[in-house]
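Asks: Here it is, the structure, as structure tokens.
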Number of protein chains: 2
Amino acid sequence: MPQINRQLVLASRPQGAVTPDNFRLVETPLAPLADGELRVRNHFLSLDPYMRGRMNDSKSYAAPQPLDEVMIGGTVGEVVESKNPKFAVGDKVVAMFGWQEYGVSNGAGVQKVDDTHVPLSAYLGPVGMPGVTAWYGLNRIIAPKAGETVVVSAASGAVGSVVGQLAKLAGARAVGIAGGADKCRYVVETLGFDACVDYKAGNLYKDLKAVTPDGVDGYFENVGGEVLDVTLARMNAFGRIALCGFIAGYDGQPLPLKHPSLMLTQRLLVQGFIVSEHMEVWPEALKQLGTLVAQNKLQYRETIAQGLDAAPEAFMGLLKGKNFGKQLVKLICANQGVARCSNSQARWR
Amino acid sequence: MPQINRQLVLASRPQGAVTPDNFRLVETPLAPLADGELRVRNHFLSLDPYMRGRMNDSKSYAAPQPLDEVMIGGTVGEVVESKNPKFAVGDKVVAMFGWQEYGVSNGAGVQKVDDTHVPLSAYLGPVGMPGVTAWYGLNRIIAPKAGETVVVSAASGAVGSVVGQLAKLAGARAVGIAGGADKCRYVVETLGFDACVDYKAGNLYKDLKAVTPDGVDGYFENVGGEVLDVTLARMNAFGRIALCGFIAGYDGQPLPLKHPSLMLTQRLLVQGFIVSEHMEVWPEALKQLGTLVAQNKLQYRETIAQGLDAAPEAFMGLLKGKNFGKQLVKLICANQGVARCSNSQARWR
């Protein structure tokens, strides 16, 4: 086993868009474990839009990411050393070890997972935080009735893809909004949505209207900005909007809502939420989502960057919608055992 | 009894602000009653912001007011002729007879009321639609806990004044926003709010912050525009916003919301509502509100325009916040029996 843990820390806060300079690589010797501790070799790191918010030093629902500390993030990996009786070498676990190759814990916040029927990486996607986020917003806020129309933005992404598929399973009509013809084709053909609108085509209102002839009853918002304005204008009376993300505004640019009075005239329910504040639903949601993935009834797609060094560029791409499906960073290369992935050619793809 | 019913009809739709030309006076002979009908001499007409929306020919929660028909509106009055066994001459009733001196009905939509302990006009205010609107938004959407802070805009108005007093009765801290020092003084000294901010003083954010040191947990919105932007910026996590009116935008000017992402970062619940869609709460709400008024525990104030001819100017004043408390039009002058109020000097005051 290498004696070095490679880590990416937050070197500086972004001024507008994230740049590679905001991160710094740190190499730290592996310290011996204390009694009760375990060490995990992380296999995958999850990259998620919420991380952008944490990089700012501003009021939000969570404390800012501290400078010079390892970037926050969800991980899956394998226990490689344990002085904790509850964990054995070889156990697969999900945790929040962040942007680093190894994590150490006393067991708190580390969950054993079974990768017999569900791939390990799925615990960072449809059977993890993004999946539960979709489940909560759809079931607890939108609560679609059969025959209603549910729209979701960033529809090919880790959260949006699950929202639409769960809406379909609930008997609703699912309409996605995504960036580009390829993503839209995937949303309809692979994920099984009824329709998808490419916001990059430049006719968002007209195109959305064409595929929502009966209006919109539920909207799951990941994006904000023009996409929210346009969808709001299609909402039916008593519609429900689950506010999950405003990725279009994460760099700090103003992102006004053009016609807030529609929330009144259409008697809408708008609810912002953070899934980590609803831990009571996780067991039920994860059970359902895990079963659906194991039965191949819930499709998902991953974009995997190779190696820790590729994480910053992959993250910048995620914020611009360059990823396709769940953005992961592979921290260990399967055909190299526990060796590191090649760093010098590391690129997201 | 006069043989003529005087009525104000919608003559044209406003282009921007309402003007007197949008209305036309019509004199119609009183037709004999058919079997089952009753005739009411209206004593008071209620003027309400929702009427402005109906004057537009646009999509909203209600059909537009038709041209050349009597303007919609709530009324209270006295039965003066009846061929309906359920109503006797002398009965006091509340109905939606609109901007006219007499109303005829088969009894549908006409409710007998008791003015022994509650003044007749109060059935158009705290014990009528405005009161129930306040009751619903406060109790069913904001649902304040003791010690929480509730803010209401248009705080001296027919709805806002009840919101704050009910919030106080629920043990919450009540903060009003109103236009002008006189209204703010009334809100604190007579209505018993904990504080009031005069938005005309020009320091809305700073002034609101000063009187909401613990932030805002519930907001009852009657106004929209800057007032909403500023209050949104003071909302605590898990705050609730009841959207009741956007009077600032009723003339069609754009009224964007500057920072909609606050709804997410603060995990707010925002709910638009129309009280007429929640008839199930009216009996309970009216009973509570009537008891409070009869016991002198719920204060209210009226601005009374004299005579039907004064209604257009009074309505234009209402939309600009010139009224102080509930805006009514007195359609019958007490010291003149059933004679008309003097028309030529009719002015809101």
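Starting from 1 in every chain, residues are counted up; chains themselves are A, B, ... following the order of the structure tokens, and ligands are numbered from 1 as listed.
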Is it possible to see chain A as an mmCIF file with C-alpha atoms, in the first residue's frame, once it has been laid onto chain B by a least-squares fit on every C-alpha atom in order?
Replies:
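Now in superposed-v7.cif:
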data_model
loop_
_atom_site.group_PDB
_atom_site.id
_atom_site.type_symbol
_atom_site.label_atom_id
_atom_site.label_comp_id
_atom_site.auth_asym_id
_atom_site.auth_seq_id
_atom_site.Cartn_x
_atom_site.Cartn_y
_atom_site.Cartn_z
ATOM 1 C CA MET A 1 -89.059 53.604 -3.347
ATOM 2 C CA PRO A 2 -87.280 54.990 -6.422
ATOM 3 C CA GLN A 3 -88.046 53.200 -9.629
ATOM 4 C CA ILE A 4 -84.489 53.473 -10.875
ATOM 5 C CA ASN A 5 -81.416 51.378 -10.119
ATOM 6 C CA ARG A 6 -78.119 53.196 -10.629
ATOM 7 C CA GLN A 7 -75.245 51.015 -11.762
ATOM 8 C CA LEU A 8 -71.605 51.372 -12.780
ATOM 9 C CA VAL A 9 -70.543 49.168 -15.638
ATOM 10 C CA LEU A 10 -67.092 48.506 -17.110
ATOM 11 C CA ALA A 11 -66.971 50.774 -20.166
ATOM 12 C CA SER A 12 -63.438 49.939 -21.301
ATOM 13 C CA ARG A 13 -60.362 48.036 -20.119
ATOM 14 C CA PRO A 14 -57.520 50.064 -18.588
ATOM 15 C CA GLN A 15 -54.390 50.749 -20.587
ATOM 16 C CA GLY A 16 -52.055 50.829 -17.585
ATOM 17 C CA ALA A 17 -53.609 52.734 -14.694
ATOM 18 C CA VAL A 18 -57.366 52.792 -14.177
ATOM 19 C CA THR A 19 -59.096 56.027 -15.246
ATOM 20 C CA PRO A 20 -62.646 57.288 -14.666
ATOM 21 C CA ASP A 21 -63.355 56.654 -18.358
ATOM 22 C CA ASN A 22 -63.156 52.935 -17.716
ATOM 23 C CA PHE A 23 -66.556 53.164 -15.988
ATOM 24 C CA ARG A 24 -69.988 54.294 -17.164
ATOM 25 C CA LEU A 25 -73.087 55.111 -15.123
ATOM 26 C CA VAL A 26 -76.247 53.330 -16.227
ATOM 27 C CA GLU A 27 -79.761 53.931 -14.932
ATOM 28 C CA THR A 28 -82.094 50.969 -15.186
ATOM 29 C CA PRO A 29 -85.759 50.830 -14.169
ATOM 30 C CA LEU A 30 -86.479 48.411 -11.335
ATOM 31 C CA ALA A 31 -88.180 45.379 -12.843
ATOM 32 C CA PRO A 32 -90.970 43.610 -10.925
ATOM 33 C CA LEU A 33 -89.758 40.593 -8.948
ATOM 34 C CA ALA A 34 -90.508 37.099 -10.181
ATOM 35 C CA ASP A 35 -91.624 34.413 -7.751
ATOM 36 C CA GLY A 36 -88.697 33.335 -5.545
ATOM 37 C CA GLU A 37 -86.771 36.558 -6.032
ATOM 38 C CA LEU A 38 -85.801 39.210 -3.542
ATOM 39 C CA ARG A 39 -84.592 42.771 -3.941
ATOM 40 C CA VAL A 40 -81.837 44.250 -1.784
ATOM 41 C CA ARG A 41 -81.037 47.904 -1.238
ATOM 42 C CA ASN A 42 -77.244 47.852 -0.984
ATOM 43 C CA HIS A 43 -75.852 49.900 1.900
ATOM 44 C CA PHE A 44 -72.140 49.374 1.314
ATOM 45 C CA LEU A 45 -70.030 48.275 -1.615
ATOM 46 C CA SER A 46 -66.619 46.748 -0.948
ATOM 47 C CA LEU A 47 -63.698 47.916 -3.087
ATOM 48 C CA ASP A 48 -60.880 45.396 -3.311
ATOM 49 C CA PRO A 49 -57.617 45.081 -5.230
ATOM 50 C CA TYR A 50 -58.707 41.872 -6.964
ATOM 51 C CA MET A 51 -61.120 43.965 -9.044
ATOM 52 C CA ARG A 52 -58.184 45.467 -10.912
ATOM 53 C CA GLY A 53 -57.195 42.048 -12.205
ATOM 54 C CA ARG A 54 -60.718 41.381 -13.426
ATOM 55 C CA MET A 55 -60.677 44.572 -15.485
ATOM 56 C CA ASN A 56 -57.958 43.081 -17.698
ATOM 57 C CA ASP A 57 -58.808 40.700 -20.477
ATOM 58 C CA SER A 58 -56.048 38.294 -19.486
ATOM 59 C CA LYS A 59 -55.545 34.836 -18.089
ATOM 60 C CA SER A 60 -55.999 34.848 -14.357
ATOM 61 C CA TYR A 61 -57.704 32.784 -11.735
ATOM 62 C CA ALA A 62 -61.071 34.264 -12.615
ATOM 63 C CA ALA A 63 -62.850 35.202 -15.797
ATOM 64 C CA PRO A 64 -62.441 38.841 -16.818
ATOM 65 C CA GLN A 65 -65.141 41.318 -15.881
ATOM 66 C CA PRO A 66 -67.318 41.534 -19.016
ATOM 67 C CA LEU A 67 -67.567 44.910 -20.698
ATOM 68 C CA ASP A 68 -70.855 46.787 -20.295
ATOM 69 C CA GLU A 69 -71.862 44.699 -17.306
ATOM 70 C CA VAL A 70 -72.136 45.839 -13.696
ATOM 71 C CA MET A 71 -68.719 45.797 -12.018
ATOM 72 C CA ILE A 72 -68.261 42.850 -9.707
ATOM 73 C CA GLY A 73 -68.107 43.480 -5.970
ATOM 74 C CA GLY A 74 -69.198 42.427 -2.520
ATOM 75 C CA THR A 75 -72.106 44.282 -0.933
ATOM 76 C CA VAL A 76 -74.093 44.421 2.267
ATOM 77 C CA GLY A 77 -77.623 45.711 2.401
ATOM 78 C CA GLU A 78 -81.195 45.199 3.424
ATOM 79 C CA VAL A 79 -83.980 43.234 1.805
ATOM 80 C CA VAL A 80 -86.596 45.748 0.631
ATOM 81 C CA GLU A 81 -88.898 43.441 -1.302
ATOM 82 C CA SER A 82 -89.202 39.659 -1.254
ATOM 83 C CA LYS A 83 -91.065 36.959 -3.097
ATOM 84 C CA ASN A 84 -88.720 34.397 -1.546
ATOM 85 C CA PRO A 85 -90.002 32.657 1.601
ATOM 86 C CA LYS A 86 -86.490 32.458 3.047
ATOM 87 C CA PHE A 87 -85.999 36.209 3.110
ATOM 88 C CA ALA A 88 -88.116 38.873 4.745
ATOM 89 C CA VAL A 89 -88.158 42.620 4.228
ATOM 90 C CA GLY A 90 -85.690 44.058 6.708
ATOM 91 C CA ASP A 91 -83.260 41.135 6.609
ATOM 92 C CA LYS A 92 -79.640 42.239 6.460
ATOM 93 C CA VAL A 93 -77.646 40.364 3.861
ATOM 94 C CA VAL A 94 -74.195 40.084 2.344
ATOM 95 C CA ALA A 95 -73.958 39.287 -1.357
ATOM 96 C CA MET A 96 -71.982 39.971 -4.524
ATOM 97 C CA PHE A 97 -74.333 42.472 -6.137
ATOM 98 C CA GLY A 98 -71.518 44.655 -7.450
ATOM 99 C CA TRP A 99 -71.333 48.375 -8.118
ATOM 100 C CA GLN A 100 -75.032 49.219 -8.000
ATOM 101 C CA GLU A 101 -77.636 50.497 -5.595
ATOM 102 C CA TYR A 102 -80.046 47.559 -5.845
ATOM 103 C CA GLY A 103 -79.544 43.870 -6.350
ATOM 104 C CA VAL A 104 -81.980 41.121 -7.285
ATOM 105 C CA SER A 105 -81.417 37.438 -6.600
ATOM 106 C CA ASN A 106 -83.292 34.178 -6.285
ATOM 107 C CA GLY A 107 -81.460 33.743 -2.975
ATOM 108 C CA ALA A 108 -78.349 32.030 -4.310
ATOM 109 C CA GLY A 109 -75.217 33.732 -3.029
ATOM 110 C CA VAL A 110 -77.154 35.857 -0.545
ATOM 111 C CA GLN A 111 -76.292 35.285 3.119
ATOM 112 C CA LYS A 112 -78.307 36.675 6.003
ATOM 113 C CA VAL A 113 -76.114 38.332 8.638
ATOM 114 C CA ASP A 114 -76.756 39.571 12.159
ATOM 115 C CA ASP A 115 -75.754 43.168 12.773
ATOM 116 C CA THR A 116 -76.681 43.175 16.460
ATOM 117 C CA HIS A 117 -73.104 42.925 17.692
ATOM 118 C CA VAL A 118 -71.157 43.312 14.466
ATOM 119 C CA PRO A 119 -71.664 46.426 12.316
ATOM 120 C CA LEU A 120 -73.059 45.639 8.886
ATOM 121 C CA SER A 121 -70.016 47.068 7.087
ATOM 122 C CA ALA A 122 -67.701 44.684 8.995
ATOM 123 C CA TYR A 123 -69.125 41.842 6.920
ATOM 124 C CA LEU A 124 -67.203 43.340 4.010
ATOM 125 C CA GLY A 125 -64.042 43.634 6.100
ATOM 126 C CA PRO A 126 -62.774 41.713 9.116
ATOM 127 C CA VAL A 127 -65.827 39.420 9.183
ATOM 128 C CA GLY A 128 -65.939 39.008 5.428
ATOM 129 C CA MET A 129 -63.731 38.107 2.526
ATOM 130 C CA PRO A 130 -60.715 40.192 3.660
ATOM 131 C CA GLY A 131 -60.859 38.707 7.146
ATOM 132 C CA VAL A 132 -61.114 35.125 5.917
ATOM 133 C CA THR A 133 -58.283 35.824 3.482
ATOM 134 C CA ALA A 134 -56.096 36.884 6.396
ATOM 135 C CA TRP A 135 -57.240 33.927 8.484
ATOM 136 C CA TYR A 136 -56.494 31.387 5.772
ATOM 137 C CA GLY A 137 -53.063 32.702 4.832
ATOM 138 C CA LEU A 138 -51.987 33.066 8.431
ATOM 139 C CA ASN A 139 -53.394 29.838 9.854
ATOM 140 C CA ARG A 140 -53.202 27.472 6.923
ATOM 141 C CA ILE A 141 -49.992 28.619 5.224
ATOM 142 C CA ILE A 142 -47.844 30.579 7.668
ATOM 143 C CA ALA A 143 -49.052 28.704 10.785
ATOM 144 C CA PRO A 144 -46.886 30.753 13.150
ATOM 145 C CA LYS A 145 -45.460 29.286 16.300
ATOM 146 C CA ALA A 146 -45.284 31.375 19.438
ATOM 147 C CA GLY A 147 -42.238 33.597 19.336
ATOM 148 C CA GLU A 148 -41.854 33.527 15.562
ATOM 149 C CA THR A 149 -41.830 36.730 13.536
ATOM 150 C CA VAL A 150 -44.596 37.352 11.014
ATOM 151 C CA VAL A 151 -44.359 40.223 8.530
ATOM 152 C CA VAL A 152 -47.313 41.512 6.544
ATOM 153 C CA SER A 153 -47.328 44.123 3.803
ATOM 154 C CA ALA A 154 -50.180 46.604 3.347
ATOM 155 C CA ALA A 155 -50.436 46.190 7.115
ATOM 156 C CA SER A 156 -53.044 48.862 7.712
ATOM 157 C CA GLY A 157 -55.329 47.482 5.021
ATOM 158 C CA ALA A 158 -58.399 45.303 5.311
ATOM 159 C CA VAL A 159 -56.452 42.062 5.043
ATOM 160 C CA GLY A 160 -53.095 43.042 6.524
ATOM 161 C CA SER A 161 -54.579 44.509 9.676
ATOM 162 C CA VAL A 162 -56.264 41.206 10.478
ATOM 163 C CA VAL A 163 -53.153 39.159 9.655
ATOM 164 C CA GLY A 164 -51.040 40.978 12.211
ATOM 165 C CA GLN A 165 -53.666 40.916 14.932
ATOM 166 C CA LEU A 166 -54.250 37.184 14.466
ATOM 167 C CA ALA A 167 -50.491 36.622 14.529
ATOM 168 C CA LYS A 168 -50.301 38.451 17.846
ATOM 169 C CA LEU A 169 -53.164 36.366 19.223
ATOM 170 C CA ALA A 170 -51.168 33.284 18.186
ATOM 171 C CA GLY A 171 -48.215 34.472 20.255
ATOM 172 C CA ALA A 172 -46.060 35.567 17.344
ATOM 173 C CA ARG A 173 -44.247 38.839 16.854
ATOM 174 C CA ALA A 174 -46.105 40.932 14.253
ATOM 175 C CA VAL A 175 -44.295 43.400 11.998
ATOM 176 C CA GLY A 176 -46.145 45.501 9.462
ATOM 177 C CA ILE A 177 -45.028 47.246 6.308
ATOM 178 C CA ALA A 178 -47.172 50.219 5.341
ATOM 179 C CA GLY A 179 -46.977 53.441 3.365
ATOM 180 C CA GLY A 180 -46.502 56.510 5.504
ATOM 181 C CA ALA A 181 -45.933 57.449 9.126
ATOM 182 C CA ASP A 182 -49.654 57.803 9.901
ATOM 183 C CA LYS A 183 -50.458 54.290 8.781
ATOM 184 C CA CYS A 184 -47.465 52.894 10.664
ATOM 185 C CA ARG A 185 -48.473 54.690 13.829
ATOM 186 C CA TYR A 186 -51.970 53.204 13.514
ATOM 187 C CA VAL A 187 -50.560 49.725 12.904
ATOM 188 C CA VAL A 188 -48.539 49.828 16.115
ATOM 189 C CA GLU A 189 -50.691 51.949 18.397
ATOM 190 C CA THR A 190 -54.196 50.837 17.458
ATOM 191 C CA LEU A 191 -53.712 47.411 15.923
ATOM 192 C CA GLY A 192 -51.030 46.400 18.416
ATOM 193 C CA PHE A 193 -48.323 45.198 16.036
ATOM 194 C CA ASP A 194 -44.848 45.047 17.572
ATOM 195 C CA ALA A 195 -43.368 47.243 14.861
ATOM 196 C CA CYS A 196 -44.118 48.816 11.506
ATOM 197 C CA VAL A 197 -41.836 49.901 8.675
ATOM 198 C CA ASP A 198 -42.789 52.809 6.434
ATOM 199 C CA TYR A 199 -41.721 51.738 2.954
ATOM 200 C CA LYS A 200 -42.069 55.314 1.761
ATOM 201 C CA ALA A 201 -39.234 56.403 4.048
ATOM 202 C CA GLY A 202 -36.754 55.002 1.534
ATOM 203 C CA ASN A 203 -34.693 52.640 3.718
ATOM 204 C CA LEU A 204 -36.837 49.576 3.501
ATOM 205 C CA TYR A 205 -34.166 46.897 3.895
ATOM 206 C CA LYS A 206 -32.323 48.668 6.688
ATOM 207 C CA ASP A 207 -35.526 49.557 8.512
ATOM 208 C CA LEU A 208 -36.991 46.075 8.183
ATOM 209 C CA LYS A 209 -33.751 44.513 9.377
ATOM 210 C CA ALA A 210 -33.778 46.737 12.450
ATOM 211 C CA VAL A 211 -37.205 45.505 13.536
ATOM 212 C CA THR A 212 -36.657 41.840 12.629
ATOM 213 C CA PRO A 213 -33.475 41.080 14.569
ATOM 214 C CA ASP A 214 -34.290 37.364 14.580
ATOM 215 C CA GLY A 215 -35.241 37.270 10.892
ATOM 216 C CA VAL A 216 -38.670 36.541 9.439
ATOM 217 C CA ASP A 217 -40.473 33.209 9.747
ATOM 218 C CA GLY A 218 -43.729 34.026 8.020
ATOM 219 C CA TYR A 219 -44.578 36.612 5.399
ATOM 220 C CA PHE A 220 -48.038 37.531 4.181
ATOM 221 C CA GLU A 221 -47.637 39.231 0.795
ATOM 222 C CA ASN A 222 -50.163 41.727 -0.511
ATOM 223 C CA VAL A 223 -47.918 43.967 -2.565
ATOM 224 C CA GLY A 224 -45.061 42.385 -4.532
ATOM 225 C CA GLY A 225 -42.126 44.225 -6.076
ATOM 226 C CA GLU A 226 -39.442 45.734 -3.878
ATOM 227 C CA VAL A 227 -41.300 44.866 -0.687
ATOM 228 C CA LEU A 228 -41.174 41.178 -1.587
ATOM 229 C CA ASP A 229 -37.494 41.357 -2.573
ATOM 230 C CA VAL A 230 -36.551 42.964 0.696
ATOM 231 C CA THR A 231 -38.606 40.699 2.921
ATOM 232 C CA LEU A 232 -37.341 37.619 1.094
ATOM 233 C CA ALA A 233 -33.823 38.667 2.038
ATOM 234 C CA ARG A 234 -34.826 38.590 5.710
ATOM 235 C CA MET A 235 -36.468 35.151 5.664
ATOM 236 C CA ASN A 236 -35.235 32.493 8.038
ATOM 237 C CA ALA A 237 -34.720 28.885 7.030
ATOM 238 C CA PHE A 238 -38.019 27.009 6.665
ATOM 239 C CA GLY A 239 -39.977 30.262 6.396
ATOM 240 C CA ARG A 240 -43.461 30.349 4.904
ATOM 241 C CA ILE A 241 -44.767 32.935 2.459
ATOM 242 C CA ALA A 242 -48.480 33.299 1.783
ATOM 243 C CA LEU A 243 -48.960 35.028 -1.559
ATOM 244 C CA CYS A 244 -52.221 36.916 -1.487
ATOM 245 C CA GLY A 245 -51.702 39.912 -3.746
ATOM 246 C CA PHE A 246 -49.269 41.683 -6.043
ATOM 247 C CA ILE A 247 -50.985 45.053 -6.095
ATOM 248 C CA ALA A 248 -47.775 46.776 -7.245
ATOM 249 C CA GLY A 249 -48.018 44.930 -10.543
ATOM 250 C CA TYR A 250 -51.710 45.149 -11.299
ATOM 251 C CA ASP A 251 -51.265 47.757 -13.992
ATOM 252 C CA GLY A 252 -49.097 45.381 -15.986
ATOM 253 C CA GLN A 253 -45.617 46.775 -15.321
ATOM 254 C CA PRO A 254 -42.907 44.125 -14.994
ATOM 255 C CA LEU A 255 -42.301 43.154 -11.393
ATOM 256 C CA PRO A 256 -39.399 40.710 -11.317
ATOM 257 C CA LEU A 257 -38.184 38.954 -8.222
ATOM 258 C CA LYS A 258 -34.506 39.726 -7.771
ATOM 259 C CA HIS A 259 -33.252 36.671 -5.900
ATOM 260 C CA PRO A 260 -35.549 33.677 -6.385
ATOM 261 C CA SER A 261 -32.693 31.381 -5.312
ATOM 262 C CA LEU A 262 -33.372 32.500 -1.729
ATOM 263 C CA MET A 263 -36.473 30.306 -1.880
ATOM 264 C CA LEU A 264 -34.100 27.379 -2.206
ATOM 265 C CA THR A 265 -31.232 28.398 0.046
ATOM 266 C CA GLN A 266 -33.683 29.175 2.854
ATOM 267 C CA ARG A 267 -35.896 26.170 2.022
ATOM 268 C CA LEU A 268 -38.978 28.348 1.890
ATOM 269 C CA LEU A 269 -42.537 27.312 1.329
ATOM 270 C CA VAL A 270 -44.288 29.759 -0.982
ATOM 271 C CA GLN A 271 -47.998 29.273 -1.568
ATOM 272 C CA GLY A 272 -50.290 31.391 -3.684
ATOM 273 C CA PHE A 273 -53.945 31.219 -2.741
ATOM 274 C CA ILE A 274 -57.395 32.597 -3.448
ATOM 275 C CA VAL A 275 -59.718 32.466 -0.494
ATOM 276 C CA SER A 276 -62.810 31.708 -2.543
ATOM 277 C CA GLU A 277 -61.271 28.337 -3.375
ATOM 278 C CA HIS A 278 -61.216 27.357 0.279
ATOM 279 C CA MET A 279 -64.875 27.660 1.202
ATOM 280 C CA GLU A 280 -64.446 24.848 3.726
ATOM 281 C CA VAL A 281 -62.699 27.212 6.156
ATOM 282 C CA TRP A 282 -65.196 30.079 5.933
ATOM 283 C CA PRO A 283 -67.625 28.973 8.648
ATOM 284 C CA GLU A 284 -64.862 28.399 11.193
ATOM 285 C CA ALA A 285 -62.988 31.552 10.220
ATOM 286 C CA LEU A 286 -66.077 33.779 10.206
ATOM 287 C CA LYS A 287 -67.157 32.476 13.583
ATOM 288 C CA GLN A 288 -63.787 33.314 15.116
ATOM 289 C CA LEU A 289 -63.541 36.673 13.409
ATOM 290 C CA GLY A 290 -67.113 37.674 14.282
ATOM 291 C CA THR A 291 -66.532 36.804 17.920
ATOM 292 C CA LEU A 292 -63.315 38.828 18.001
ATOM 293 C CA VAL A 293 -65.012 41.885 16.465
ATOM 294 C CA ALA A 294 -68.035 41.598 18.771
ATOM 295 C CA GLN A 295 -65.661 41.397 21.757
ATOM 296 C CA ASN A 296 -63.701 44.376 20.465
ATOM 297 C CA LYS A 297 -60.544 42.247 20.248
ATOM 298 C CA LEU A 298 -60.040 42.828 16.546
ATOM 299 C CA GLN A 299 -59.616 46.444 15.483
ATOM 300 C CA TYR A 300 -60.311 47.715 12.014
ATOM 301 C CA ARG A 301 -60.620 50.966 10.181
ATOM 302 C CA GLU A 302 -62.698 51.992 7.200
ATOM 303 C CA THR A 303 -62.368 54.625 4.530
ATOM 304 C CA ILE A 304 -65.850 55.353 3.262
ATOM 305 C CA ALA A 305 -66.566 57.042 -0.038
ATOM 306 C CA GLN A 306 -69.990 58.634 -0.264
ATOM 307 C CA GLY A 307 -72.287 57.448 -3.009
ATOM 308 C CA LEU A 308 -71.957 55.200 -6.027
ATOM 309 C CA ASP A 309 -70.554 57.997 -8.176
ATOM 310 C CA ALA A 310 -67.543 58.199 -5.863
ATOM 311 C CA ALA A 311 -66.619 54.556 -6.420
ATOM 312 C CA PRO A 312 -64.248 54.961 -9.407
ATOM 313 C CA GLU A 313 -62.114 57.578 -7.727
ATOM 314 C CA ALA A 314 -62.086 55.618 -4.477
ATOM 315 C CA PHE A 315 -61.005 52.524 -6.382
ATOM 316 C CA MET A 316 -58.183 54.397 -8.109
ATOM 317 C CA GLY A 317 -57.093 55.637 -4.698
ATOM 318 C CA LEU A 318 -57.152 52.134 -3.270
ATOM 319 C CA LEU A 319 -54.767 50.911 -5.956
ATOM 320 C CA LYS A 320 -52.371 53.706 -5.000
ATOM 321 C CA GLY A 321 -52.671 53.055 -1.279
ATOM 322 C CA LYS A 322 -54.581 56.285 -0.605
ATOM 323 C CA ASN A 323 -57.197 54.516 1.482
ATOM 324 C CA PHE A 324 -56.601 53.881 5.152
ATOM 325 C CA GLY A 325 -58.050 50.539 6.202
ATOM 326 C CA LYS A 326 -60.946 48.914 4.415
ATOM 327 C CA GLN A 327 -62.196 50.908 1.432
ATOM 328 C CA LEU A 328 -65.976 51.009 1.248
ATOM 329 C CA VAL A 329 -68.518 52.943 -0.725
ATOM 330 C CA LYS A 330 -71.621 53.956 1.154
ATOM 331 C CA LEU A 331 -74.554 53.579 -1.201
ATOM 332 C CA ILE A 332 -77.260 54.817 1.152
ATOM 333 C CA CYS A 333 -77.137 57.721 3.554
ATOM 334 C CA ALA A 334 -78.372 56.898 7.025
ATOM 335 C CA ASN A 335 -79.987 60.261 7.673
ATOM 336 C CA GLN A 336 -81.808 60.193 4.381
ATOM 337 C CA GLY A 337 -83.542 56.870 4.730
ATOM 338 C CA VAL A 338 -83.466 55.127 1.406
ATOM 339 C CA ALA A 339 -82.633 58.303 -0.468
ATOM 340 C CA ARG A 340 -79.408 58.450 -2.379
ATOM 341 C CA CYS A 341 -76.281 60.057 -1.065
ATOM 342 C CA SER A 342 -75.455 63.376 -2.615
ATOM 343 C CA ASN A 343 -73.755 62.663 -5.901
ATOM 344 C CA SER A 344 -72.319 65.893 -7.091
ATOM 345 C CA GLN A 345 -69.954 66.270 -4.124
ATOM 346 C CA ALA A 346 -69.150 62.580 -3.974
ATOM 347 C CA ARG A 347 -65.511 62.121 -3.111
ATOM 348 C CA TRP A 348 -63.571 59.498 -1.309
ATOM 349 C CA ARG A 349 -62.181 60.812 1.950
#
Asks: Using backbone DSSP assignments, extract all alpha helix (DSSP H) residues from segment 177-225 of chain B; output them as a PyMOL selection string.
Replies: chain B and resi 181-189+204-211
Asks: Mind checking DSSP for segment 142-221 of chain B and telling me the strand (DSSP E) residues as a list in words?
Replies: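 Assigned to strand (DSSP E), within segment 142-221 of chain B: Thr149, Val150, Val151, Val152, Ser153, Arg173, Ala174, Val175, Gly176, Ile177, Ala178, Ala195, Cys196, Val197, Asp198, Val216, Asp217, Gly218, Tyr219, Phe220 and Glu221 of chain B.
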